[in-house]
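What follows is the content of query04.pdb (PDB, C-alpha atoms).
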```pdb
MODEL        1
ATOM      1  CA  MET A   1     -13.637 -12.713   9.843
ATOM      2  CA  ILE A   2     -12.487 -13.688  13.299
ATOM      3  CA  GLY A   3      -8.954 -12.476  13.963
ATOM      4  CA  ILE A   4      -6.967 -13.964  16.838
ATOM      5  CA  ASP A   5      -3.590 -13.062  18.308
ATOM      6  CA  LEU A   6      -2.451 -16.103  20.282
ATOM      7  CA  GLY A   7       0.296 -15.378  22.786
ATOM      8  CA  GLY A   8       2.058 -17.434  25.397
ATOM      9  CA  THR A   9       0.092 -15.758  28.199
ATOM     10  CA  ASN A  10      -3.058 -14.311  26.643
ATOM     11  CA  CYS A  11      -5.210 -14.881  23.588
ATOM     12  CA  ARG A  12      -6.980 -11.857  22.095
ATOM     13  CA  GLY A  13      -9.635 -11.991  19.428
ATOM     14  CA  ALA A  14     -12.268  -9.924  17.655
ATOM     15  CA  LEU A  15     -14.449  -9.780  14.587
ATOM     16  CA  VAL A  16     -13.010  -7.782  11.705
ATOM     17  CA  CYS A  17     -15.029  -6.555   8.732
ATOM     18  CA  ASP A  18     -13.467  -4.376   6.046
ATOM     19  CA  SER A  19     -11.851  -1.686   8.207
ATOM     20  CA  ASP A  20      -9.392  -1.374  11.079
ATOM     21  CA  ARG A  21     -12.190  -1.504  13.629
ATOM     22  CA  LEU A  22     -12.425  -4.448  16.021
ATOM     23  CA  HIS A  23     -15.878  -5.738  16.939
ATOM     24  CA  PHE A  24     -16.658  -7.724  20.103
ATOM     25  CA  GLU A  25     -13.013  -7.693  21.204
ATOM     26  CA  SER A  26     -12.379 -10.413  23.793
ATOM     27  CA  ARG A  27      -9.515 -12.158  25.507
ATOM     28  CA  MET A  28      -8.803 -15.327  27.423
ATOM     29  CA  ALA A  29      -5.834 -16.690  29.333
ATOM     30  CA  THR A  30      -3.880 -19.086  27.113
ATOM     31  CA  ARG A  31      -2.868 -21.538  29.873
ATOM     32  CA  ILE A  32      -1.579 -24.149  27.456
ATOM     33  CA  ASP A  33       0.073 -25.943  30.379
ATOM     34  CA  ASP A  34      -3.415 -27.116  31.383
ATOM     35  CA  GLY A  35      -3.026 -29.668  28.599
ATOM     36  CA  LEU A  36      -3.388 -29.530  24.836
ATOM     37  CA  ASP A  37      -6.923 -30.951  24.748
ATOM     38  CA  VAL A  38      -8.137 -28.522  27.414
ATOM     39  CA  PHE A  39      -6.505 -25.581  25.657
ATOM     40  CA  PHE A  40      -7.888 -26.605  22.279
ATOM     41  CA  GLY A  41     -11.410 -26.932  23.665
ATOM     42  CA  ARG A  42     -11.205 -23.502  25.265
ATOM     43  CA  LEU A  43      -9.938 -21.962  22.021
ATOM     44  CA  VAL A  44     -12.803 -23.526  20.071
ATOM     45  CA  ASP A  45     -15.279 -22.153  22.627
ATOM     46  CA  PHE A  46     -13.594 -18.735  22.358
ATOM     47  CA  CYS A  47     -14.033 -18.726  18.575
ATOM     48  CA  ARG A  48     -17.640 -19.882  18.852
ATOM     49  CA  SER A  49     -18.460 -17.127  21.329
ATOM     50  CA  LEU A  50     -17.143 -14.552  18.857
ATOM     51  CA  GLN A  51     -19.098 -16.204  16.060
ATOM     52  CA  GLN A  52     -22.282 -16.099  18.136
ATOM     53  CA  ALA A  53     -21.710 -12.441  18.989
ATOM     54  CA  GLY A  54     -21.304 -11.710  15.298
ATOM     55  CA  ASN A  55     -24.444 -13.613  14.371
ATOM     56  CA  ALA A  56     -26.413 -11.700  16.997
ATOM     57  CA  GLY A  57     -25.061  -8.452  15.553
ATOM     58  CA  GLY A  58     -25.948  -9.359  11.985
ATOM     59  CA  LEU A  59     -22.395 -10.314  10.967
ATOM     60  CA  ARG A  60     -21.834 -13.608   9.189
ATOM     61  CA  VAL A  61     -18.488 -15.146  10.121
ATOM     62  CA  ARG A  62     -16.866 -16.902   7.158
ATOM     63  CA  GLY A  63     -13.434 -17.768   8.500
ATOM     64  CA  VAL A  64     -10.803 -17.490  11.197
ATOM     65  CA  GLY A  65      -7.263 -16.131  11.064
ATOM     66  CA  ILE A  66      -4.819 -16.839  13.895
ATOM     67  CA  GLY A  67      -1.356 -15.453  14.545
ATOM     68  CA  VAL A  68       0.865 -17.865  16.487
ATOM     69  CA  PRO A  69       4.404 -17.264  17.763
ATOM     70  CA  GLY A  70       6.847 -19.610  16.060
ATOM     71  CA  ALA A  71       7.555 -21.245  12.722
ATOM     72  CA  ILE A  72       4.355 -22.084  10.856
ATOM     73  CA  SER A  73       4.271 -24.219   7.715
ATOM     74  CA  LEU A  74       2.331 -23.144   4.658
ATOM     75  CA  ASP A  75      -0.510 -25.555   5.500
ATOM     76  CA  GLY A  76      -0.966 -24.111   8.997
ATOM     77  CA  THR A  77       0.984 -26.747  10.909
ATOM     78  CA  VAL A  78       2.971 -25.408  13.853
ATOM     79  CA  ARG A  79       6.551 -26.482  13.223
ATOM     80  CA  VAL A  80       8.109 -24.992  16.364
ATOM     81  CA  SER A  81       6.622 -22.575  18.898
ATOM     82  CA  PRO A  82       9.033 -21.924  21.802
ATOM     83  CA  ASN A  83       6.349 -20.307  23.974
ATOM     84  CA  LEU A  84       3.608 -22.785  23.037
ATOM     85  CA  SER A  85       5.635 -25.976  22.694
ATOM     86  CA  PRO A  86       2.662 -28.380  23.120
ATOM     87  CA  LEU A  87       1.549 -27.151  19.673
ATOM     88  CA  ASN A  88       4.777 -28.311  18.006
ATOM     89  CA  GLY A  89       3.953 -30.590  15.091
ATOM     90  CA  ILE A  90       0.203 -30.022  15.420
ATOM     91  CA  PRO A  91      -1.799 -29.439  12.189
ATOM     92  CA  PHE A  92      -3.394 -26.467  13.897
ATOM     93  CA  ALA A  93      -5.354 -25.048  10.962
ATOM     94  CA  ALA A  94      -6.774 -28.422   9.924
ATOM     95  CA  ASP A  95      -7.773 -29.353  13.481
ATOM     96  CA  LEU A  96      -9.548 -26.038  14.039
ATOM     97  CA  GLU A  97     -11.319 -26.247  10.684
ATOM     98  CA  LYS A  98     -12.681 -29.649  11.652
ATOM     99  CA  ALA A  99     -13.840 -28.434  15.055
ATOM    100  CA  LEU A 100     -15.362 -25.140  13.914
ATOM    101  CA  GLY A 101     -16.667 -25.951  10.455
ATOM    102  CA  LEU A 102     -14.999 -22.767   9.220
ATOM    103  CA  SER A 103     -11.984 -22.093   7.042
ATOM    104  CA  VAL A 104      -8.942 -21.333   9.212
ATOM    105  CA  SER A 105      -5.694 -19.556   8.353
ATOM    106  CA  VAL A 106      -2.724 -19.869  10.740
ATOM    107  CA  ALA A 107       0.287 -17.565  10.380
ATOM    108  CA  ASN A 108       3.360 -16.557  12.312
ATOM    109  CA  ASP A 109       2.361 -13.765  14.699
ATOM    110  CA  ALA A 110       4.917 -11.276  13.346
ATOM    111  CA  ASN A 111       3.704 -11.974   9.807
ATOM    112  CA  ALA A 112       0.197 -11.167  11.007
ATOM    113  CA  VAL A 113       1.434  -7.882  12.488
ATOM    114  CA  ALA A 114       3.208  -7.060   9.213
ATOM    115  CA  TRP A 115       0.056  -7.698   7.218
ATOM    116  CA  GLY A 116      -2.020  -5.632   9.624
ATOM    117  CA  GLU A 117       0.372  -2.688   9.282
ATOM    118  CA  HIS A 118       0.309  -3.185   5.496
ATOM    119  CA  LEU A 119      -3.471  -3.034   5.356
ATOM    120  CA  TYR A 120      -4.226  -0.349   7.909
ATOM    121  CA  GLY A 121      -1.087   1.090   9.502
ATOM    122  CA  ALA A 122       2.413   2.390   8.906
ATOM    123  CA  GLY A 123       3.073  -0.129   6.140
ATOM    124  CA  ARG A 124       0.636   1.615   3.810
ATOM    125  CA  ALA A 125       3.416   4.094   3.018
ATOM    126  CA  PHE A 126       5.727   1.378   1.675
ATOM    127  CA  ASP A 127       5.669  -1.075  -1.202
ATOM    128  CA  SER A 128       8.280  -3.285   0.498
ATOM    129  CA  PHE A 129       9.081  -3.282   4.200
ATOM    130  CA  ILE A 130       9.944  -5.360   7.235
ATOM    131  CA  VAL A 131       8.173  -5.327  10.580
ATOM    132  CA  LEU A 132      10.230  -6.000  13.687
ATOM    133  CA  THR A 133       8.188  -6.817  16.786
ATOM    134  CA  LEU A 134      10.171  -5.873  19.878
ATOM    135  CA  GLY A 135       8.590  -7.835  22.698
ATOM    136  CA  THR A 136       9.738 -10.818  24.736
ATOM    137  CA  GLY A 137      11.798 -11.659  21.662
ATOM    138  CA  VAL A 138      12.174 -10.002  18.266
ATOM    139  CA  GLY A 139       9.893 -11.256  15.531
ATOM    140  CA  GLY A 140       9.990 -10.287  11.881
ATOM    141  CA  GLY A 141       7.584 -10.150   8.967
ATOM    142  CA  LEU A 142       8.325  -9.186   5.357
ATOM    143  CA  VAL A 143       6.020  -7.532   2.845
ATOM    144  CA  LEU A 144       7.671  -7.410  -0.591
ATOM    145  CA  GLY A 145       5.957  -5.742  -3.518
ATOM    146  CA  GLY A 146       2.725  -5.572  -1.548
ATOM    147  CA  ARG A 147       2.704  -9.301  -0.772
ATOM    148  CA  LEU A 148       3.587 -11.133   2.406
ATOM    149  CA  TRP A 149       6.805 -13.072   1.848
ATOM    150  CA  THR A 150       7.058 -16.214   3.978
ATOM    151  CA  GLY A 151       9.734 -18.125   2.057
ATOM    152  CA  ALA A 152       9.889 -21.674   0.731
ATOM    153  CA  ASP A 153       8.874 -23.252   4.047
ATOM    154  CA  GLY A 154       6.920 -20.426   5.661
ATOM    155  CA  ALA A 155       9.872 -19.524   7.892
ATOM    156  CA  ALA A 156      11.135 -16.279   6.315
ATOM    157  CA  GLY A 157      11.532 -13.060   8.266
ATOM    158  CA  GLU A 158      13.163 -14.359  11.463
ATOM    159  CA  ALA A 159      15.151 -11.160  11.918
ATOM    160  CA  GLY A 160      15.363 -11.691  15.664
ATOM    161  CA  HIS A 161      17.880 -14.450  15.010
ATOM    162  CA  VAL A 162      20.199 -12.431  12.807
ATOM    163  CA  THR A 163      23.611 -12.593  14.485
ATOM    164  CA  VAL A 164      24.829  -9.183  15.648
ATOM    165  CA  GLU A 165      27.507 -10.389  18.099
ATOM    166  CA  PRO A 166      29.082 -13.735  17.092
ATOM    167  CA  GLU A 167      30.426 -14.505  20.577
ATOM    168  CA  GLY A 168      27.554 -12.802  22.377
ATOM    169  CA  ARG A 169      24.750 -13.913  24.625
ATOM    170  CA  PRO A 170      23.427 -17.450  24.143
ATOM    171  CA  CYS A 171      20.002 -17.577  22.526
ATOM    172  CA  GLY A 172      17.191 -20.064  22.973
ATOM    173  CA  CYS A 173      17.460 -20.927  19.271
ATOM    174  CA  GLY A 174      20.857 -22.528  19.963
ATOM    175  CA  SER A 175      22.972 -19.754  18.473
ATOM    176  CA  ARG A 176      24.727 -16.830  20.140
ATOM    177  CA  GLY A 177      24.492 -13.074  19.811
ATOM    178  CA  CYS A 178      21.087 -12.964  18.114
ATOM    179  CA  LEU A 179      19.420  -9.578  17.684
ATOM    180  CA  GLU A 180      16.662 -10.425  20.139
ATOM    181  CA  GLN A 181      19.192 -10.916  22.919
ATOM    182  CA  TYR A 182      19.872  -7.159  22.801
ATOM    183  CA  ALA A 183      16.939  -5.345  21.178
ATOM    184  CA  SER A 184      13.911  -7.129  22.648
ATOM    185  CA  ALA A 185      12.232  -5.903  25.825
ATOM    186  CA  THR A 186      13.836  -8.878  27.567
ATOM    187  CA  GLY A 187      17.251  -8.081  26.116
ATOM    188  CA  ILE A 188      17.061  -4.442  27.198
ATOM    189  CA  VAL A 189      16.241  -5.485  30.760
ATOM    190  CA  ARG A 190      19.096  -7.983  30.688
ATOM    191  CA  SER A 191      21.531  -5.258  29.633
ATOM    192  CA  VAL A 192      20.500  -3.196  32.654
ATOM    193  CA  ARG A 193      20.787  -6.168  35.011
ATOM    194  CA  GLU A 194      24.292  -6.920  33.736
ATOM    195  CA  ALA A 195      25.334  -3.308  34.334
ATOM    196  CA  LEU A 196      23.877  -3.358  37.843
ATOM    197  CA  ALA A 197      25.653  -6.641  38.606
ATOM    198  CA  ALA A 198      28.902  -4.983  37.519
ATOM    199  CA  GLY A 199      28.349  -2.294  40.145
ATOM    200  CA  GLN A 200      27.205   0.573  37.925
ATOM    201  CA  ALA A 201      25.056   3.145  39.718
ATOM    202  CA  SER A 202      21.462   3.523  38.559
ATOM    203  CA  GLN A 203      18.085   4.580  39.866
ATOM    204  CA  LEU A 204      16.942   1.127  38.719
ATOM    205  CA  SER A 205      19.112  -0.695  41.250
ATOM    206  CA  GLU A 206      16.156  -1.360  43.577
ATOM    207  CA  ALA A 207      13.675  -2.351  40.875
ATOM    208  CA  GLY A 208      14.203  -6.086  41.325
ATOM    209  CA  SER A 209      11.605  -8.248  39.601
ATOM    210  CA  ALA A 210       9.588  -5.126  38.715
ATOM    211  CA  LEU A 211      12.226  -4.058  36.180
ATOM    212  CA  THR A 212      10.697  -3.768  32.704
ATOM    213  CA  SER A 213      11.720  -2.177  29.428
ATOM    214  CA  ARG A 214       9.171   0.564  30.086
ATOM    215  CA  ARG A 215      10.833   1.394  33.414
ATOM    216  CA  VAL A 216      14.192   1.408  31.650
ATOM    217  CA  ALA A 217      12.829   3.938  29.151
ATOM    218  CA  GLU A 218      11.423   6.110  31.938
ATOM    219  CA  ALA A 219      14.791   6.100  33.701
ATOM    220  CA  ALA A 220      16.589   6.920  30.460
ATOM    221  CA  ARG A 221      14.337   9.925  29.907
ATOM    222  CA  CYS A 222      15.348  11.088  33.394
ATOM    223  CA  GLY A 223      19.017  10.874  32.421
ATOM    224  CA  ASP A 224      19.948   7.511  33.954
ATOM    225  CA  ARG A 225      23.215   6.465  32.265
ATOM    226  CA  VAL A 226      22.728   2.716  32.688
ATOM    227  CA  ALA A 227      19.273   2.894  31.123
ATOM    228  CA  ARG A 228      20.503   5.105  28.297
ATOM    229  CA  LYS A 229      23.368   2.734  27.516
ATOM    230  CA  ALA A 230      21.011  -0.257  27.402
ATOM    231  CA  LEU A 231      18.758   1.504  24.905
ATOM    232  CA  GLU A 232      21.705   2.778  22.893
ATOM    233  CA  GLN A 233      22.958  -0.797  22.624
ATOM    234  CA  ALA A 234      19.514  -1.950  21.493
ATOM    235  CA  GLY A 235      19.481   0.783  18.850
ATOM    236  CA  ARG A 236      22.990  -0.077  17.722
ATOM    237  CA  ARG A 237      22.134  -3.755  17.314
ATOM    238  CA  LEU A 238      18.948  -2.894  15.452
ATOM    239  CA  GLY A 239      20.940  -0.663  13.117
ATOM    240  CA  GLN A 240      23.460  -3.426  12.447
ATOM    241  CA  ALA A 241      20.729  -5.919  11.595
ATOM    242  CA  LEU A 242      18.739  -3.458   9.499
ATOM    243  CA  ALA A 243      21.827  -2.429   7.531
ATOM    244  CA  GLY A 244      22.317  -6.013   6.399
ATOM    245  CA  ILE A 245      18.623  -6.429   5.647
ATOM    246  CA  ALA A 246      18.587  -3.148   3.690
ATOM    247  CA  ASN A 247      21.621  -4.162   1.636
ATOM    248  CA  LEU A 248      20.070  -7.534   0.889
ATOM    249  CA  LEU A 249      16.525  -6.428   0.038
ATOM    250  CA  ASN A 250      16.653  -2.650  -0.650
ATOM    251  CA  LEU A 251      13.457  -2.110   1.341
ATOM    252  CA  ASP A 252      11.446   1.097   1.525
ATOM    253  CA  GLY A 253      10.820   0.864   5.244
ATOM    254  CA  ALA A 254      11.238  -0.837   8.592
ATOM    255  CA  VAL A 255       8.272  -0.714  10.969
ATOM    256  CA  LEU A 256       9.049  -1.238  14.654
ATOM    257  CA  ALA A 257       6.180  -2.664  16.701
ATOM    258  CA  GLY A 258       5.755  -4.254  20.121
ATOM    259  CA  GLY A 259       6.211  -2.882  23.619
ATOM    260  CA  ALA A 260       9.863  -1.870  23.352
ATOM    261  CA  SER A 261       9.123   0.181  20.229
ATOM    262  CA  GLU A 262       7.793   2.846  22.613
ATOM    263  CA  SER A 263      11.468   3.706  23.170
ATOM    264  CA  ILE A 264      12.340   4.183  19.500
ATOM    265  CA  ASP A 265      13.174   7.862  20.058
ATOM    266  CA  LEU A 266      15.858   6.805  22.542
ATOM    267  CA  MET A 267      17.224   4.096  20.245
ATOM    268  CA  ARG A 268      17.035   6.043  16.995
ATOM    269  CA  PRO A 269      20.368   7.991  17.172
ATOM    270  CA  ALA A 270      22.443   4.822  17.628
ATOM    271  CA  LEU A 271      20.303   2.935  15.108
ATOM    272  CA  HIS A 272      20.798   5.547  12.394
ATOM    273  CA  ALA A 273      24.505   5.867  13.139
ATOM    274  CA  GLU A 274      24.911   2.151  12.396
ATOM    275  CA  LEU A 275      22.770   2.393   9.276
ATOM    276  CA  ARG A 276      24.868   5.265   7.942
ATOM    277  CA  CYS A 277      28.168   3.460   8.389
ATOM    278  CA  ARG A 278      27.093  -0.098   7.469
ATOM    279  CA  ALA A 279      24.452   0.150   4.745
ATOM    280  CA  PHE A 280      25.202   1.162   1.179
ATOM    281  CA  GLU A 281      24.345   4.812   0.694
ATOM    282  CA  VAL A 282      21.483   4.083  -1.679
ATOM    283  CA  THR A 283      19.874   1.348   0.450
ATOM    284  CA  GLY A 284      20.434   3.138   3.745
ATOM    285  CA  ARG A 285      19.000   6.386   2.421
ATOM    286  CA  ARG A 286      15.964   4.578   1.047
ATOM    287  CA  LEU A 287      15.120   2.783   4.315
ATOM    288  CA  GLN A 288      12.726   4.733   6.529
ATOM    289  CA  VAL A 289      12.503   3.482  10.118
ATOM    290  CA  VAL A 290       9.124   4.228  11.690
ATOM    291  CA  ARG A 291       7.021   3.028  14.574
ATOM    292  CA  GLY A 292       3.939   0.902  13.958
ATOM    293  CA  GLU A 293       0.578   2.648  14.112
ATOM    294  CA  LEU A 294      -1.789  -0.106  15.224
ATOM    295  CA  GLY A 295      -0.453  -1.194  18.600
ATOM    296  CA  GLU A 296      -2.063  -4.368  19.943
ATOM    297  CA  ARG A 297      -4.650  -4.373  17.148
ATOM    298  CA  ALA A 298      -2.077  -5.173  14.470
ATOM    299  CA  GLY A 299      -1.932  -8.928  15.001
ATOM    300  CA  ILE A 300      -5.707  -9.371  15.081
ATOM    301  CA  LEU A 301      -6.255  -7.199  12.019
ATOM    302  CA  GLY A 302      -3.466  -8.907  10.121
ATOM    303  CA  ALA A 303      -4.607 -12.428  10.987
ATOM    304  CA  ALA A 304      -8.113 -11.636   9.781
ATOM    305  CA  GLY A 305      -6.711  -9.962   6.676
ATOM    306  CA  LEU A 306      -4.589 -12.990   5.821
ATOM    307  CA  ALA A 307      -7.616 -15.231   6.154
ATOM    308  CA  ARG A 308      -9.513 -12.968   3.782
ATOM    309  CA  ALA A 309      -6.574 -12.783   1.357
ATOM    310  CA  LYS A 310      -6.606 -16.561   1.019
ATOM    311  CA  GLY A 311     -10.099 -16.367  -0.395
ATOM    312  CA  LEU A 312     -12.024 -17.208   2.742
ATOM    313  CA  GLY A 313     -14.583 -14.462   2.127
ATOM    314  CA  ASP A 314     -15.653 -11.442   4.172
ATOM    315  CA  SER A 315     -17.208 -11.240   7.614
TER
ENDMDL
END
```
Once more with this new file: its structure as structure tokens, please.
Amino acid sequence: MIGIDLGGTNCRGALVCDSDRLHFESRMATRIDDGLDVFFGRLVDFCRSLQQAGNAGGLRVRGVGIGVPGAISLDGTVRVSPNLSPLNGIPFAADLEKALGLSVSVANDANAVAWGEHLYGAGRAFDSFIVLTLGTGVGGGLVLGGRLWTGADGAAGEAGHVTVEPEGRPCGCGSRGCLEQYASATGIVRSVREALAAGQASQLSEAGSALTSRRVAEAARCGDRVARKALEQAGRRLGQALAGIANLLNLDGAVLAGGASESIDLMRPALHAELRCRAFEVTGRRLQVVRGELGERAGILGAAGLARAKGLGDS
């Protein structure tokens, strides 16, 4: 199988057989602003180059799985993709199948990460769990009873848009106070910038455009109060959202993935404090919060796994 993780900036792909190993891993710049036809042609060429590499290595490619940020319908049509808006309304799976002559599965990128962690990573320890991807936003993917749960329209799992502060920061979805406004890498950086604008002293005050969630974590580990407060707030908001999710679904686990998950040790005390006071004792005690194990491989592995799970065969 070809597995592809399509992001707003970069597209990463590889061949996946029956393990967590990636073969012929490649990447290309997404550059969807070049025009939809140009982008589509480049993506087709990208897939063909992986197919040719597989053929040369004795691997027969039987299908393609792609993880795409946004709401994806059950037939592989992109309903809405905020970071790849030219794809909105495009029957992505059908168009790629026609161009490639291969079966194509298209899934939400967080669902692909969840399935990857289920097959090969931290999700193997749980029968039912949620993945939260803490990146530019907060994505979510649900595995219930060992099966990916995408809901009636393929839009389940959007935990990043759970409201944690009703009168809080405006969100691109049109609501306010969504989880991703506080617990994503972008939200963490925003919390620091707001504190700096209010005159709070921090070693990050000169960071300017170079300020990232990783730099916030580094400062927090050095005792910076502004950085620590930003990460505590992220943990608190995650705990609030997870308490509601735990009470609703009585999950075994929550797997945190994405760049900002590197700071889980700094967020964990506030996260667990919220879980203890907001979740029922039985559901809160059951829920184990862990970090993902696969890193950037999760989306590729999961996309390929979903393609295989739909009966597209093995690579």
Quick one: everything within 10 Å of stretch 172-182 of chain A, counting only C-alpha atoms, minus sequence neighbours fewer than 6 positions away in the same chain. Send it as a PyMOL selection string. chain A and resi 82+133-139+159-166+188-191+230-231+233-238+240-241
Could you list the residues chosen by the PyMOL selection byres ((chain A and resi 27-30) around 8) in this structure as a CSV table (one decimal) with C-alpha atoms, in the frame of the given file?
```csv
chain,number,residue,atom,x,y,z
A,6,LEU,CA,-2.5,-16.1,20.3
A,7,GLY,CA,0.3,-15.4,22.8
A,8,GLY,CA,2.1,-17.4,25.4
A,9,THR,CA,0.1,-15.8,28.2
A,10,ASN,CA,-3.1,-14.3,26.6
A,11,CYS,CA,-5.2,-14.9,23.6
A,12,ARG,CA,-7.0,-11.9,22.1
A,13,GLY,CA,-9.6,-12.0,19.4
A,25,GLU,CA,-13.0,-7.7,21.2
A,26,SER,CA,-12.4,-10.4,23.8
A,31,ARG,CA,-2.9,-21.5,29.9
A,32,ILE,CA,-1.6,-24.1,27.5
A,39,PHE,CA,-6.5,-25.6,25.7
A,46,PHE,CA,-13.6,-18.7,22.4
```
Shell around A:Phe280 at 12 Å using all atoms listed in the file, local window under 4 positions removed, as an mmCIF file with C-alpha atoms, in the frame of the given file:
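Output saved as around-v1.cif:
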```
data_model
loop_
_atom_site.group_PDB
_atom_site.id
_atom_site.type_symbol
_atom_site.label_atom_id
_atom_site.label_comp_id
_atom_site.auth_asym_id
_atom_site.auth_seq_id
_atom_site.Cartn_x
_atom_site.Cartn_y
_atom_site.Cartn_z
ATOM 1 C CA LEU A 242 18.739 -3.458 9.499
ATOM 2 C CA ALA A 243 21.827 -2.429 7.531
ATOM 3 C CA GLY A 244 22.317 -6.013 6.399
ATOM 4 C CA ILE A 245 18.623 -6.429 5.647
ATOM 5 C CA ALA A 246 18.587 -3.148 3.690
ATOM 6 C CA ASN A 247 21.621 -4.162 1.636
ATOM 7 C CA LEU A 248 20.070 -7.534 0.889
ATOM 8 C CA LEU A 249 16.525 -6.428 0.038
ATOM 9 C CA ASN A 250 16.653 -2.650 -0.650
ATOM 10 C CA GLU A 274 24.911 2.151 12.396
ATOM 11 C CA LEU A 275 22.770 2.393 9.276
ATOM 12 C CA ARG A 276 24.868 5.265 7.942
ATOM 13 C CA GLY A 284 20.434 3.138 3.745
ATOM 14 C CA ARG A 285 19.000 6.386 2.421
ATOM 15 C CA ARG A 286 15.964 4.578 1.047
ATOM 16 C CA LEU A 287 15.120 2.783 4.315
#
```
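Atom CA of A:Ser19 to atom CA of A:Leu102 spans 21.3 Å [interatomic distance, one decimal].
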So which residues get picked by the PyMOL selection byres ((chain A and resi 73) around 10) here, written as a PDB file with C-alpha atoms, in the frame of the given file?
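Final output, result-v8.pdb:
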```
ATOM      1  CA  GLY A  70       6.847 -19.610  16.060  1.00  0.00           C
ATOM      2  CA  ALA A  71       7.555 -21.245  12.722  1.00  0.00           C
ATOM      3  CA  ILE A  72       4.355 -22.084  10.856  1.00  0.00           C
ATOM      4  CA  LEU A  74       2.331 -23.144   4.658  1.00  0.00           C
ATOM      5  CA  ASP A  75      -0.510 -25.555   5.500  1.00  0.00           C
ATOM      6  CA  GLY A  76      -0.966 -24.111   8.997  1.00  0.00           C
ATOM      7  CA  THR A  77       0.984 -26.747  10.909  1.00  0.00           C
ATOM      8  CA  VAL A  78       2.971 -25.408  13.853  1.00  0.00           C
ATOM      9  CA  ARG A  79       6.551 -26.482  13.223  1.00  0.00           C
ATOM     10  CA  VAL A  80       8.109 -24.992  16.364  1.00  0.00           C
ATOM     11  CA  GLY A  89       3.953 -30.590  15.091  1.00  0.00           C
ATOM     12  CA  PRO A  91      -1.799 -29.439  12.189  1.00  0.00           C
ATOM     13  CA  VAL A 106      -2.724 -19.869  10.740  1.00  0.00           C
ATOM     14  CA  ALA A 107       0.287 -17.565  10.380  1.00  0.00           C
ATOM     15  CA  ASN A 108       3.360 -16.557  12.312  1.00  0.00           C
ATOM     16  CA  THR A 150       7.058 -16.214   3.978  1.00  0.00           C
ATOM     17  CA  GLY A 151       9.734 -18.125   2.057  1.00  0.00           C
ATOM     18  CA  ALA A 152       9.889 -21.674   0.731  1.00  0.00           C
ATOM     19  CA  ASP A 153       8.874 -23.252   4.047  1.00  0.00           C
ATOM     20  CA  GLY A 154       6.920 -20.426   5.661  1.00  0.00           C
ATOM     21  CA  ALA A 155       9.872 -19.524   7.892  1.00  0.00           C
TER      22      ALA A 155
END
```
On this structure, the PyMOL selection byres ((chain A and resi 300-308) around 10) would catch which residues? List them as JSON, numbers by chain, sorted by chain and number. {"A": [1, 2, 3, 4, 5, 6, 12, 13, 14, 15, 16, 17, 18, 19, 20, 21, 22, 25, 62, 63, 64, 65, 66, 67, 68, 103, 104, 105, 106, 107, 108, 109, 110, 111, 112, 113, 114, 115, 116, 117, 118, 119, 120, 148, 294, 296, 297, 298, 299, 309, 310, 311, 312, 313, 314, 315]}
Counting only C-alpha atoms, figure out which residue out of A:Val226, A:Ala93, A:Ser81, A:Asp45 gets nearest to A:Ala197. A:Val226
Incomplete stretch 16-26 of chain A filled out to N, CA and C atoms as a PDB file, in the frame of the given file:
```pdb
ATOM      1  N   VAL A  16     -13.546  -8.830  12.571  1.00  0.00           N
ATOM      2  CA  VAL A  16     -13.010  -7.782  11.705  1.00  0.00           C
ATOM      3  C   VAL A  16     -13.798  -7.803  10.403  1.00  0.00           C
ATOM      4  N   CYS A  17     -14.315  -6.649  10.010  1.00  0.00           N
ATOM      5  CA  CYS A  17     -15.029  -6.555   8.732  1.00  0.00           C
ATOM      6  C   CYS A  17     -14.072  -6.043   7.668  1.00  0.00           C
ATOM      7  N   ASP A  18     -14.316  -4.884   7.127  1.00  0.00           N
ATOM      8  CA  ASP A  18     -13.467  -4.376   6.046  1.00  0.00           C
ATOM      9  C   ASP A  18     -12.792  -3.070   6.438  1.00  0.00           C
ATOM     10  N   SER A  19     -12.538  -2.881   7.734  1.00  0.00           N
ATOM     11  CA  SER A  19     -11.851  -1.686   8.207  1.00  0.00           C
ATOM     12  C   SER A  19     -10.927  -2.084   9.346  1.00  0.00           C
ATOM     13  N   ASP A  20     -10.301  -1.080   9.976  1.00  0.00           N
ATOM     14  CA  ASP A  20      -9.392  -1.374  11.079  1.00  0.00           C
ATOM     15  C   ASP A  20     -10.107  -1.381  12.427  1.00  0.00           C
ATOM     16  N   ARG A  21     -11.404  -1.479  12.393  1.00  0.00           N
ATOM     17  CA  ARG A  21     -12.190  -1.504  13.629  1.00  0.00           C
ATOM     18  C   ARG A  21     -12.369  -2.936  14.110  1.00  0.00           C
ATOM     19  N   LEU A  22     -12.208  -3.144  15.412  1.00  0.00           N
ATOM     20  CA  LEU A  22     -12.425  -4.448  16.021  1.00  0.00           C
ATOM     21  C   LEU A  22     -13.811  -4.489  16.649  1.00  0.00           C
ATOM     22  N   HIS A  23     -14.546  -5.556  16.369  1.00  0.00           N
ATOM     23  CA  HIS A  23     -15.878  -5.738  16.939  1.00  0.00           C
ATOM     24  C   HIS A  23     -15.842  -6.877  17.953  1.00  0.00           C
ATOM     25  N   PHE A  24     -16.527  -6.682  19.079  1.00  0.00           N
ATOM     26  CA  PHE A  24     -16.658  -7.724  20.103  1.00  0.00           C
ATOM     27  C   PHE A  24     -15.294  -8.228  20.583  1.00  0.00           C
ATOM     28  N   GLU A  25     -14.362  -7.304  20.778  1.00  0.00           N
ATOM     29  CA  GLU A  25     -13.013  -7.693  21.204  1.00  0.00           C
ATOM     30  C   GLU A  25     -13.073  -8.433  22.536  1.00  0.00           C
ATOM     31  N   SER A  26     -12.368  -9.563  22.599  1.00  0.00           N
ATOM     32  CA  SER A  26     -12.379 -10.413  23.793  1.00  0.00           C
ATOM     33  C   SER A  26     -10.976 -10.949  24.039  1.00  0.00           C
TER      34      SER A  26
END
```
